[in-house]
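Pasted below: my_file.txt, compact mmCIF, C-alpha atoms.
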```txt
# COMPACT_ATOMS: atom_id res chain seq x y z
CA MET A 1 82.35 125.93 116.58
CA GLU A 2 80.03 128.55 118.10
CA LEU A 3 77.66 127.98 115.22
CA GLY A 4 75.66 125.31 117.00
CA PHE A 5 75.38 127.51 120.06
CA PHE A 6 73.91 130.47 118.21
CA ALA A 7 71.70 128.37 115.93
CA ILE A 8 70.09 126.66 118.94
CA LEU A 9 69.90 129.95 120.86
CA ARG A 10 68.01 131.65 118.03
CA ARG A 11 65.73 128.70 117.40
CA ASP A 12 64.80 128.24 121.04
CA LEU A 13 64.23 131.92 121.66
CA LEU A 14 61.89 131.96 118.67
CA LEU A 15 60.14 128.86 120.03
CA ALA A 16 59.85 130.45 123.46
CA PHE A 17 58.30 133.48 121.85
CA ARG A 18 55.78 131.29 120.01
CA HIS A 19 54.91 129.50 123.27
CA ARG A 20 54.56 132.65 125.34
CA ALA A 21 51.61 131.31 127.34
CA GLU A 22 53.48 128.20 128.49
CA ILE A 23 56.59 130.17 129.27
CA ALA A 24 54.60 132.48 131.54
CA ASN A 25 53.50 129.54 133.73
CA PRO A 26 56.36 129.49 136.27
CA VAL A 27 56.31 133.27 136.57
CA ILE A 28 52.57 133.28 137.21
CA PHE A 29 52.96 130.46 139.72
CA PHE A 30 55.59 132.53 141.55
CA LEU A 31 53.28 135.53 141.49
CA ILE A 32 50.21 133.65 142.73
CA VAL A 33 51.92 131.90 145.62
CA VAL A 34 53.56 135.04 146.90
CA THR A 35 50.24 136.88 146.63
CA LEU A 36 48.52 134.18 148.68
CA ILE A 37 51.04 134.15 151.53
CA PRO A 38 49.89 137.38 153.22
CA LEU A 39 46.28 136.26 152.84
CA GLY A 40 46.87 132.82 154.30
CA LEU A 41 49.47 133.63 156.93
CA THR A 42 49.22 137.14 158.24
CA PRO A 43 49.07 140.59 156.74
CA GLU A 44 51.21 141.93 159.60
CA ALA A 45 54.25 143.63 158.05
CA SER A 46 56.76 142.73 160.76
CA ARG A 47 55.97 139.00 160.66
CA LEU A 48 55.93 138.93 156.85
CA ALA A 49 59.28 140.68 156.71
CA GLU A 50 60.73 137.91 158.86
CA ILE A 51 59.83 135.14 156.43
CA ALA A 52 60.03 137.10 153.16
CA PRO A 53 63.61 136.14 152.19
CA GLY A 54 62.97 132.43 152.64
CA ILE A 55 59.56 132.46 150.96
CA LEU A 56 60.82 134.35 147.93
CA TRP A 57 63.73 132.00 147.46
CA VAL A 58 61.74 128.80 147.99
CA MET A 59 59.11 129.94 145.51
CA ALA A 60 61.71 130.92 142.93
CA LEU A 61 63.23 127.47 143.31
CA LEU A 62 59.89 125.69 142.89
CA ALA A 63 58.99 127.84 139.89
CA SER A 64 62.28 126.94 138.27
CA LEU A 65 61.83 123.25 139.07
CA LEU A 66 58.36 123.37 137.56
CA SER A 67 59.68 124.47 134.20
CA VAL A 68 62.93 122.56 133.98
CA GLU A 69 61.22 119.29 133.09
CA GLY A 70 60.28 120.59 129.67
CA MET A 71 63.79 121.66 128.75
CA PHE A 72 64.54 118.68 126.49
CA GLN A 73 61.12 117.05 126.40
CA SER A 74 59.81 118.55 123.18
CA ASP A 75 63.14 118.06 121.42
CA TYR A 76 63.04 114.43 122.43
CA ARG A 77 59.47 113.87 121.32
CA ASP A 78 59.71 115.48 117.89
CA GLY A 79 63.03 113.92 116.98
CA THR A 80 65.16 117.06 116.94
CA LEU A 81 67.22 115.81 119.87
CA GLU A 82 68.14 112.80 117.75
CA GLN A 83 69.28 115.20 115.04
CA MET A 84 71.26 117.34 117.47
CA ILE A 85 73.15 114.40 118.91
CA ILE A 86 74.55 113.36 115.53
CA LEU A 87 75.49 116.84 114.38
CA PRO A 88 79.16 117.48 113.74
CA GLN A 89 79.00 120.13 116.45
CA PRO A 90 79.94 119.94 120.11
CA LEU A 91 76.81 118.89 121.97
CA TYR A 92 77.80 120.73 125.15
CA LEU A 93 77.63 124.11 123.41
CA MET A 94 74.16 123.35 122.09
CA VAL A 95 73.14 122.21 125.57
CA LEU A 96 74.57 125.41 127.03
CA ALA A 97 72.44 127.41 124.58
CA LYS A 98 69.33 125.54 125.70
CA ILE A 99 70.17 126.19 129.36
CA LEU A 100 70.75 129.86 128.62
CA VAL A 101 67.34 130.11 126.93
CA HIS A 102 65.72 128.39 129.91
CA TRP A 103 67.30 130.93 132.24
CA LEU A 104 66.34 133.85 130.00
CA VAL A 105 62.68 132.83 129.99
CA THR A 106 62.34 131.72 133.63
CA GLY A 107 65.21 132.78 135.89
CA LEU A 108 65.55 136.29 134.55
CA PRO A 109 61.81 137.17 134.70
CA LEU A 110 61.64 135.70 138.22
CA THR A 111 64.57 137.86 139.27
CA LEU A 112 63.05 140.97 137.76
CA LEU A 113 59.71 140.25 139.40
CA ALA A 114 61.19 139.50 142.82
CA PRO A 115 61.53 143.11 144.08
CA LEU A 116 57.86 143.72 143.40
CA LEU A 117 56.92 140.62 145.33
CA GLY A 118 59.37 141.60 148.04
CA MET A 119 57.35 144.77 148.42
CA MET A 120 54.16 142.72 148.79
CA LEU A 121 55.83 140.74 151.57
CA SER A 122 57.16 143.98 153.11
CA LEU A 123 60.76 142.96 152.70
CA PRO A 124 62.97 145.54 154.47
CA GLU A 125 64.72 147.95 152.16
CA ALA A 126 68.20 146.57 152.79
CA GLY A 127 67.16 143.25 151.27
CA TYR A 128 66.32 144.33 147.73
CA ILE A 129 69.75 144.55 146.11
CA PRO A 130 70.97 141.28 147.70
CA LEU A 131 67.68 139.64 146.66
CA ILE A 132 68.19 140.60 143.03
CA LEU A 133 71.86 139.69 143.00
CA SER A 134 71.34 136.35 144.71
CA LEU A 135 68.42 135.40 142.46
CA LEU A 136 70.31 136.50 139.37
CA MET A 137 73.10 134.04 140.11
CA GLY A 138 70.99 131.50 141.95
CA THR A 139 68.38 130.97 139.22
CA ALA A 140 71.21 130.43 136.73
CA VAL A 141 72.58 127.71 139.03
CA LEU A 142 69.08 126.20 139.25
CA SER A 143 68.76 126.11 135.44
CA LEU A 144 72.21 124.55 135.05
CA VAL A 145 71.67 121.90 137.71
CA GLY A 146 68.11 121.22 136.61
CA ALA A 147 69.31 120.55 133.06
CA ILE A 148 71.26 117.50 134.24
CA GLY A 149 68.14 116.03 135.83
CA ALA A 150 66.00 116.93 132.83
CA ALA A 151 68.47 115.20 130.51
CA LEU A 152 68.59 112.06 132.67
CA THR A 153 64.81 111.72 132.79
CA VAL A 154 63.96 112.88 129.25
CA ALA A 155 63.26 109.39 127.94
CA LEU A 156 60.95 108.48 130.81
CA ARG A 157 57.26 108.91 130.26
CA LYS A 158 56.59 110.29 133.73
CA GLY A 159 59.95 111.53 134.84
CA GLY A 160 58.67 114.49 136.83
CA LEU A 161 58.87 112.96 140.29
CA LEU A 162 62.20 111.32 139.61
CA LEU A 163 63.53 114.60 138.28
CA SER A 164 62.55 116.38 141.50
CA LEU A 165 64.24 113.70 143.57
CA ILE A 166 67.42 113.95 141.51
CA VAL A 167 67.79 117.71 141.45
CA MET A 168 66.35 118.69 144.85
CA PRO A 169 69.50 117.80 146.84
CA LEU A 170 71.60 119.62 144.25
CA TYR A 171 69.39 122.68 144.58
CA MET A 172 69.97 122.89 148.33
CA PRO A 173 73.28 124.80 148.36
CA ALA A 174 71.86 127.48 146.06
CA LEU A 175 68.76 127.80 148.25
CA ILE A 176 70.69 127.93 151.52
CA PHE A 177 73.20 130.53 150.39
CA GLY A 178 70.64 132.47 148.37
CA ALA A 179 68.12 132.82 151.16
CA SER A 180 70.80 133.51 153.76
CA THR A 181 72.24 136.29 151.60
CA VAL A 182 68.94 138.13 151.76
CA GLN A 183 68.43 137.31 155.44
CA ARG A 184 71.88 138.57 156.38
CA ALA A 185 71.32 141.79 154.44
CA VAL A 186 68.03 142.34 156.26
CA ASP A 187 69.72 141.71 159.60
CA GLY A 188 72.40 144.25 158.71
CA PHE A 189 75.35 141.90 158.16
CA PRO A 190 77.70 142.05 155.17
CA VAL A 191 76.67 139.76 152.31
CA ASP A 192 79.86 139.58 150.23
CA GLY A 193 80.70 136.15 151.60
CA SER A 194 77.48 134.37 150.70
CA LEU A 195 77.28 136.16 147.35
CA ALA A 196 80.79 134.95 146.64
CA VAL A 197 79.73 131.39 147.46
CA LEU A 198 76.80 131.73 145.06
CA GLY A 199 79.19 133.02 142.42
CA ALA A 200 81.45 130.04 143.01
CA LEU A 201 78.47 127.69 142.69
CA LEU A 202 77.56 129.37 139.43
CA ALA A 203 81.08 129.09 138.04
CA PHE A 204 81.32 125.45 139.05
CA SER A 205 77.96 124.44 137.62
CA LEU A 206 78.67 126.41 134.45
CA LEU A 207 81.77 124.31 133.93
CA VAL A 208 80.33 120.94 134.86
CA SER A 209 76.67 121.03 133.92
CA PRO A 210 76.88 121.28 130.08
CA PHE A 211 79.22 118.27 129.97
CA ALA A 212 77.13 116.26 132.41
CA THR A 213 73.93 117.20 130.57
CA ALA A 214 75.37 116.30 127.16
CA GLY A 215 76.51 112.95 128.56
CA ALA A 216 73.13 112.33 130.16
CA LEU A 217 71.38 113.11 126.87
CA ARG A 218 73.52 110.56 125.06
CA VAL A 219 72.72 107.96 127.69
CA SER A 220 69.01 108.76 127.49
CA MET A 221 69.02 108.44 123.71
CA HIS A 222 70.59 104.99 123.91
CA GLY A 223 67.48 103.59 125.56
CA MET B 1 58.84 118.52 91.40
CA PHE B 2 61.62 116.70 93.21
CA THR B 3 64.10 116.90 90.39
CA THR B 4 67.37 118.70 90.81
CA GLU B 5 69.82 119.93 88.26
CA PRO B 6 72.68 117.51 87.75
CA ASN B 7 75.26 118.43 90.30
CA THR B 8 78.68 118.92 88.84
CA ASP B 9 80.74 118.87 92.00
CA LEU B 10 81.27 115.21 92.71
CA PHE B 11 81.78 113.86 96.17
CA SER B 12 85.31 113.02 97.11
CA PRO B 13 85.81 109.24 97.16
CA TYR B 14 84.51 107.51 100.26
CA SER B 15 83.37 104.12 101.43
CA LEU B 16 81.35 102.70 104.26
CA ASP B 17 81.67 99.18 105.63
CA LEU B 18 79.54 97.42 108.18
CA LYS B 19 81.59 94.64 109.72
CA ALA B 20 79.78 91.88 111.58
CA LEU B 21 77.48 94.29 113.40
CA ALA B 22 75.37 92.83 116.17
CA PHE B 23 73.03 94.39 118.64
CA GLU B 24 71.72 92.95 121.86
CA ARG B 25 69.02 94.49 123.98
CA ASP B 26 67.71 93.13 127.27
CA ASP B 27 69.58 89.85 126.75
CA ARG B 28 67.91 89.47 123.41
CA MET B 29 69.90 89.40 120.22
CA LEU B 30 68.17 91.76 117.81
CA PHE B 31 70.44 90.97 114.89
CA SER B 32 73.95 89.69 114.46
CA ASP B 33 76.63 89.38 111.85
CA VAL B 34 75.38 92.16 109.60
CA SER B 35 78.11 92.86 107.08
CA VAL B 36 77.84 95.08 104.04
CA SER B 37 80.34 97.02 101.99
CA LEU B 38 79.03 100.13 100.34
CA LYS B 39 80.62 102.27 97.68
CA PRO B 40 79.50 105.54 96.07
CA GLY B 41 76.29 105.16 94.10
CA ASP B 42 74.92 102.32 96.22
CA ILE B 43 71.38 102.27 97.55
CA LEU B 44 70.83 99.82 100.37
CA GLN B 45 67.33 98.88 101.42
CA VAL B 46 67.10 97.41 104.90
CA GLU B 47 64.03 95.24 105.13
CA GLY B 48 62.44 92.80 107.49
CA PRO B 49 59.41 92.27 109.70
CA ASN B 50 58.42 94.76 112.40
CA GLY B 51 60.68 94.68 115.39
CA CYS B 52 63.60 93.06 113.61
CA GLY B 53 65.87 96.01 114.32
CA LYS B 54 65.78 98.14 111.17
CA THR B 55 65.63 101.42 113.06
CA THR B 56 68.25 100.19 115.51
CA LEU B 57 70.60 99.31 112.67
CA LEU B 58 70.11 102.74 111.11
CA ARG B 59 70.73 104.41 114.44
CA ILE B 60 73.95 102.43 114.78
CA ILE B 61 74.96 103.66 111.34
CA THR B 62 74.33 107.25 112.47
CA THR B 63 76.51 106.59 115.56
CA ALA B 64 73.63 107.49 117.89
CA LEU B 65 73.85 103.91 119.19
CA SER B 66 76.91 101.74 119.54
CA PRO B 67 76.71 98.15 118.37
CA SER B 68 77.16 95.29 120.85
CA ALA B 69 79.72 93.76 118.53
CA GLY B 70 81.30 94.50 115.19
CA GLN B 71 82.40 97.80 113.79
CA LEU B 72 81.58 100.53 111.37
CA LEU B 73 84.32 101.64 108.98
CA TRP B 74 84.34 104.97 107.17
CA GLN B 75 87.08 105.27 104.55
CA GLY B 76 88.43 102.05 106.00
CA GLN B 77 88.89 103.57 109.46
CA ASN B 78 86.96 102.84 112.59
CA ILE B 79 84.17 105.34 113.05
CA SER B 80 85.30 106.40 116.52
CA GLN B 81 88.50 107.81 115.00
CA VAL B 82 86.84 109.73 112.17
CA ARG B 83 83.53 110.57 113.83
CA GLN B 84 83.56 114.32 113.10
CA ASP B 85 84.43 113.84 109.44
CA TYR B 86 81.86 111.07 109.15
CA LEU B 87 79.08 113.17 110.69
CA HIS B 88 79.88 115.99 108.27
CA ASN B 89 79.14 113.57 105.44
CA LEU B 90 75.95 112.17 106.95
CA LEU B 91 72.34 113.17 106.65
CA PHE B 92 69.87 111.32 108.84
CA LEU B 93 66.10 111.48 108.65
CA GLY B 94 64.62 109.52 111.49
CA HIS B 95 61.30 107.93 112.12
CA LEU B 96 60.26 111.18 113.76
CA PRO B 97 60.46 114.05 111.30
CA GLY B 98 62.52 116.27 113.63
CA LEU B 99 60.40 119.32 112.97
CA LYS B 100 59.51 121.98 115.47
CA GLN B 101 55.72 122.10 115.43
CA ALA B 102 55.52 125.78 116.32
CA LEU B 103 57.76 126.76 113.44
CA SER B 104 56.92 126.88 109.75
CA PRO B 105 58.58 124.50 107.24
CA GLU B 106 60.83 127.34 106.15
CA GLU B 107 61.91 128.21 109.69
CA ASN B 108 62.56 124.54 110.33
CA LEU B 109 64.73 124.36 107.25
CA ILE B 110 66.59 127.49 108.32
CA TRP B 111 67.64 126.20 111.72
CA TRP B 112 68.54 122.82 110.31
CA ARG B 113 70.74 124.41 107.63
CA ARG B 114 72.40 126.66 110.18
CA LEU B 115 73.27 123.71 112.37
CA ASN B 116 74.51 121.65 109.46
CA GLN B 117 76.41 124.51 107.84
CA SER B 118 74.63 123.69 104.61
CA GLN B 119 76.12 125.90 101.93
CA VAL B 120 74.20 124.69 98.94
CA GLU B 121 73.13 127.44 96.55
CA TYR B 122 69.51 126.57 96.88
CA CYS B 123 67.12 128.87 98.59
CA ASN B 124 64.70 127.52 101.15
CA SER B 125 61.51 128.56 99.41
CA GLU B 126 62.70 126.94 96.20
CA ALA B 127 63.46 123.68 98.00
CA LEU B 128 60.06 123.73 99.70
CA ALA B 129 58.32 124.44 96.39
CA ARG B 130 60.05 121.48 94.79
CA ILE B 131 59.13 119.19 97.62
CA GLY B 132 55.49 120.13 97.13
CA LEU B 133 54.95 122.67 99.89
CA ARG B 134 54.47 125.78 97.81
CA GLY B 135 52.12 128.09 99.65
CA TYR B 136 52.76 126.36 102.99
CA GLU B 137 56.12 127.97 103.73
CA ASP B 138 54.72 130.14 106.52
CA VAL B 139 52.17 127.76 108.02
CA PRO B 140 53.19 126.32 111.40
CA CYS B 141 54.02 122.62 111.05
CA SER B 142 51.38 121.76 113.64
CA ASN B 143 48.77 122.78 111.05
CA LEU B 144 50.20 120.55 108.32
CA SER B 145 49.12 116.99 107.57
CA ALA B 146 51.40 114.06 108.36
CA GLY B 147 52.41 113.76 104.72
CA GLN B 148 53.17 117.44 104.45
CA GLN B 149 55.29 117.28 107.60
CA ARG B 150 57.21 114.38 106.11
CA ARG B 151 57.78 116.46 102.98
CA ALA B 152 58.95 119.39 105.08
CA ALA B 153 61.56 117.08 106.61
CA LEU B 154 62.49 115.65 103.22
CA ALA B 155 63.21 119.18 101.93
CA ARG B 156 66.55 118.76 103.73
CA LEU B 157 67.60 116.30 101.04
CA LEU B 158 67.59 119.18 98.56
CA VAL B 159 69.78 121.51 100.59
CA THR B 160 72.45 119.11 101.81
CA LYS B 161 75.88 118.36 100.47
CA ALA B 162 76.25 115.16 102.45
CA PRO B 163 76.92 112.12 100.27
CA LEU B 164 75.56 109.57 102.72
CA TRP B 165 71.82 109.63 103.37
CA VAL B 166 70.35 107.45 106.09
CA LEU B 167 66.57 107.49 105.83
CA ASP B 168 64.29 105.67 108.24
CA GLU B 169 60.94 104.95 106.59
CA PRO B 170 61.06 108.01 104.32
CA PHE B 171 57.90 106.98 102.47
CA THR B 172 55.64 107.07 105.53
CA ALA B 173 52.48 109.12 104.96
CA ILE B 174 53.54 110.25 101.50
CA ASP B 175 51.08 110.03 98.61
CA LYS B 176 51.63 107.97 95.44
CA GLN B 177 52.98 110.83 93.39
CA GLY B 178 55.27 111.84 96.21
CA VAL B 179 56.63 108.31 96.41
CA SER B 180 57.63 108.26 92.75
CA GLU B 181 59.12 111.75 93.05
CA LEU B 182 61.13 110.71 96.07
CA GLU B 183 62.29 107.59 94.22
CA SER B 184 63.60 109.71 91.37
CA LEU B 185 65.33 111.99 93.86
CA LEU B 186 67.05 108.96 95.39
CA THR B 187 68.04 107.65 91.96
CA GLU B 188 69.55 111.01 91.07
CA HIS B 189 71.52 111.14 94.28
CA SER B 190 72.91 107.70 93.61
CA ALA B 191 73.73 108.68 90.00
CA ARG B 192 75.70 111.65 91.36
CA GLY B 193 77.77 109.27 93.42
CA GLY B 194 75.78 109.52 96.63
CA MET B 195 75.11 106.63 98.98
CA ILE B 196 71.71 105.89 100.49
CA ILE B 197 70.73 103.53 103.25
CA LEU B 198 67.00 103.37 103.85
CA SER B 199 64.46 101.22 105.58
CA THR B 200 61.07 100.74 104.03
CA HIS B 201 58.41 98.11 103.47
CA GLN B 202 57.70 99.54 100.05
CA ASP B 203 58.91 97.76 96.93
CA LEU B 204 61.03 100.36 95.27
CA GLY B 205 61.17 100.75 91.51
CA ILE B 206 64.83 101.64 91.56
CA PRO B 207 67.08 99.38 89.48
CA GLY B 208 70.30 98.10 91.00
CA ILE B 209 69.17 98.51 94.58
CA LYS B 210 70.91 96.36 97.20
CA ARG B 211 68.79 94.60 99.76
CA LEU B 212 69.68 93.74 103.32
CA PRO B 213 67.08 91.44 104.86
CA LEU B 214 67.14 91.43 108.65
CA ARG B 215 65.73 88.34 110.26
CA GLN B 216 64.67 87.96 113.82
CA GLU B 217 67.24 85.81 115.55
CA SER B 218 65.84 82.45 116.54
CA LEU B 219 65.21 82.41 120.25
CA GLY B 220 66.77 79.02 120.89
CA GLN B 221 70.31 80.20 120.25
CA HIS B 222 70.46 82.51 123.20
CA SER B 223 70.14 82.64 126.92
CA SER B 224 66.92 81.64 128.59
CA PHE B 225 66.09 85.29 129.26
CA THR B 226 64.94 85.89 125.74
CA MET B 227 61.29 86.41 126.61
CA ASP B 228 60.29 89.96 125.87
CA VAL B 229 59.51 91.56 129.16
CA THR B 230 58.47 94.99 128.02
```
Could you show the structure in this file as structure tokens?
Amino acid sequence: MELGFFAILRRDLLLAFRHRAEIANPVIFFLIVVTLIPLGLTPEASRLAEIAPGILWVMALLASLLSVEGMFQSDYRDGTLEQMIILPQPLYLMVLAKILVHWLVTGLPLTLLAPLLGMMLSLPEAGYIPLILSLLMGTAVLSLVGAIGAALTVALRKGGLLLSLIVMPLYMPALIFGASTVQRAVDGFPVDGSLAVLGALLAFSLLVSPFATAGALRVSMHG
Amino acid sequence: MFTTEPNTDLFSPYSLDLKALAFERDDRMLFSDVSVSLKPGDILQVEGPNGCGKTTLLRIITTALSPSAGQLLWQGQNISQVRQDYLHNLLFLGHLPGLKQALSPEENLIWWRRLNQSQVEYCNSEALARIGLRGYEDVPCSNLSAGQQRRAALARLLVTKAPLWVLDEPFTAIDKQGVSELESLLTEHSARGGMIILSTHQDLGIPGIKRLPLRQESLGQHSSFTMDVT
């Protein structure tokens, strides 16, 4: 039963390792944009601190969106998706493994990088822990939600724009609660509430997304 | 090179029936009333002009697509009831080889075997050597020629226990010697009691092969929307 999960997990981690340069793209994008903000806007610490929570979260979201398109693309093009769909294994577990790999190679590095970038945007000290916690859960939500869109658009030649339109509205709750968690922490309010909402979002998308994604993949393959 | 030792463990009895299968796409009937009964040892060659629905028919047989009408029976039961058992007994090689380009033939074989729980006592390097890829086990597939990639995919035939093989154009890009080797591999599988359904334009030198000619449905029979819009 878990066989498919671990087989896909190992294969995709190995593939990610072989494609290191491509995998680094969203992280580098995140890094570049956040580096440019002080140059383009203002180097003044107090004004940067004001916008830092929002900027960090928006950029993490865009970096995740940038990479989610490729989640099933290569599998679709080389015929392995076709093989996966007719395996006597539950497709949702294999999909979950692919989502986990996506999070491990984009969401997790973004989260680990965020404190450093927070420093560059002179994020107040109180914001660091909530930033890490909210990104840790939030990027997982983004990967899970993005997978549904990626699966729906996998058979389209230029599905990128459509994918953004499909997943953007679904990304909004994560963005709103994620950014507000950091903002509230900076303003000195308790953050348990918004972190709990993020946790709930994560639990919900963890339950729903693999099923929806597996269904979407089957629909896409019928085309 | 392709030969295997005669396999002593025979497949448990099974049968596959295609009952009046039809497939319609974009208001256009691709094929209809395809009926075949297959028993162990049968090799069925699906043939017909380009675009007549060979790949579609094979994909219906793999359950990746559902037919517009008709049904597929495995052991006399509708496929939807015995899907898991059926998929355990099925090996499908599609038009696309299903290889990860960044991985070597051996790594590709490893993940495929893991996913298919292939427990054949046949090591990967041995299978690759027999399929003609000795010395290429560790080369990324992206550096292999089209024929070599096809062989890397065909190596799965040597490490599977599935009785039913569904092969879409298995001879594509393979050289003359490879073709005759693959033919003898297919013959052996059928002699062991295996069942093969394949699509190819090649005339196969296998005696006793069944043929299923697919013809393009005449346009007049159907709705006026039969013009191909794509």
Hey, what's within 10 Å of segment 62-72 of chain A if we count only C-alpha atoms and toss same-chain stuff fewer than 3 positions away? As a PyMOL selection string, please? chain A and resi 22-31+33+57-59+75-77+80-81+95+98-99+101-103+105-107+110+139-140+142-155+159-161+163-164+167-168+171+217
Would you compute the distance between atom CA of His222 of chain A and atom CA of Ala64 of chain B? Give it in Å to one decimal.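 Computed distance, atom CA of His222 of chain A to atom CA of Ala64 of chain B, equals 7.2 Å.
Proximity to chain A was assessed for B:Ile110, B:Val179, B:Leu21, B:Ile206 counting only C-alpha atoms; the smallest distance is recorded for B:Ile110.
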Compute the set of chain B residues within 10 Å of chain A, using all atoms listed in the file, and express it as a PyMOL selection string. chain B and resi 25+56+59+62-66+83-103+107-108+110-117
Residues around (60.8, 102.6, 101.4), cut-off 6 Å, counting all atoms listed in the file - what are they as a VMD selection string? chain B and resid 169 171 199 to 202
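Between atom CA of Leu38 of chain B and atom CA of Thr187 of chain B the separation is 15.7 Å.
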Atomic distance atom CA of Leu30 of chain B - atom CA of Ser68 of chain B, expressed in Å with one decimal: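 Those two atoms sit 10.1 Å apart.
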Quick one: residues within 10 Å of Leu123 of chain A, only C-alpha atoms, excluding same-chain residues fewer than 2 positions away - as number ranges by chain? A: 45-46, 48-53, 56, 115-121, 125-128, 131, 182-183, 186
Go through segment 51-151 of chain B residue by residue and, counting only C-alpha atoms, keep those with an atom at most 8 Å from segment 208-214 of chain B; for each kept residue give the shortest atom pair and its distance in Å to one decimal, ordered by chain and increasing number, as JSON lines.
```
{"residue": "B:Cys52", "atom": "CA", "partner": "B:Leu214", "partner_atom": "CA", "distance": 6.3}
{"residue": "B:Gly53", "atom": "CA", "partner": "B:Leu214", "partner_atom": "CA", "distance": 7.4}
{"residue": "B:Lys54", "atom": "CA", "partner": "B:Leu214", "partner_atom": "CA", "distance": 7.3}
```
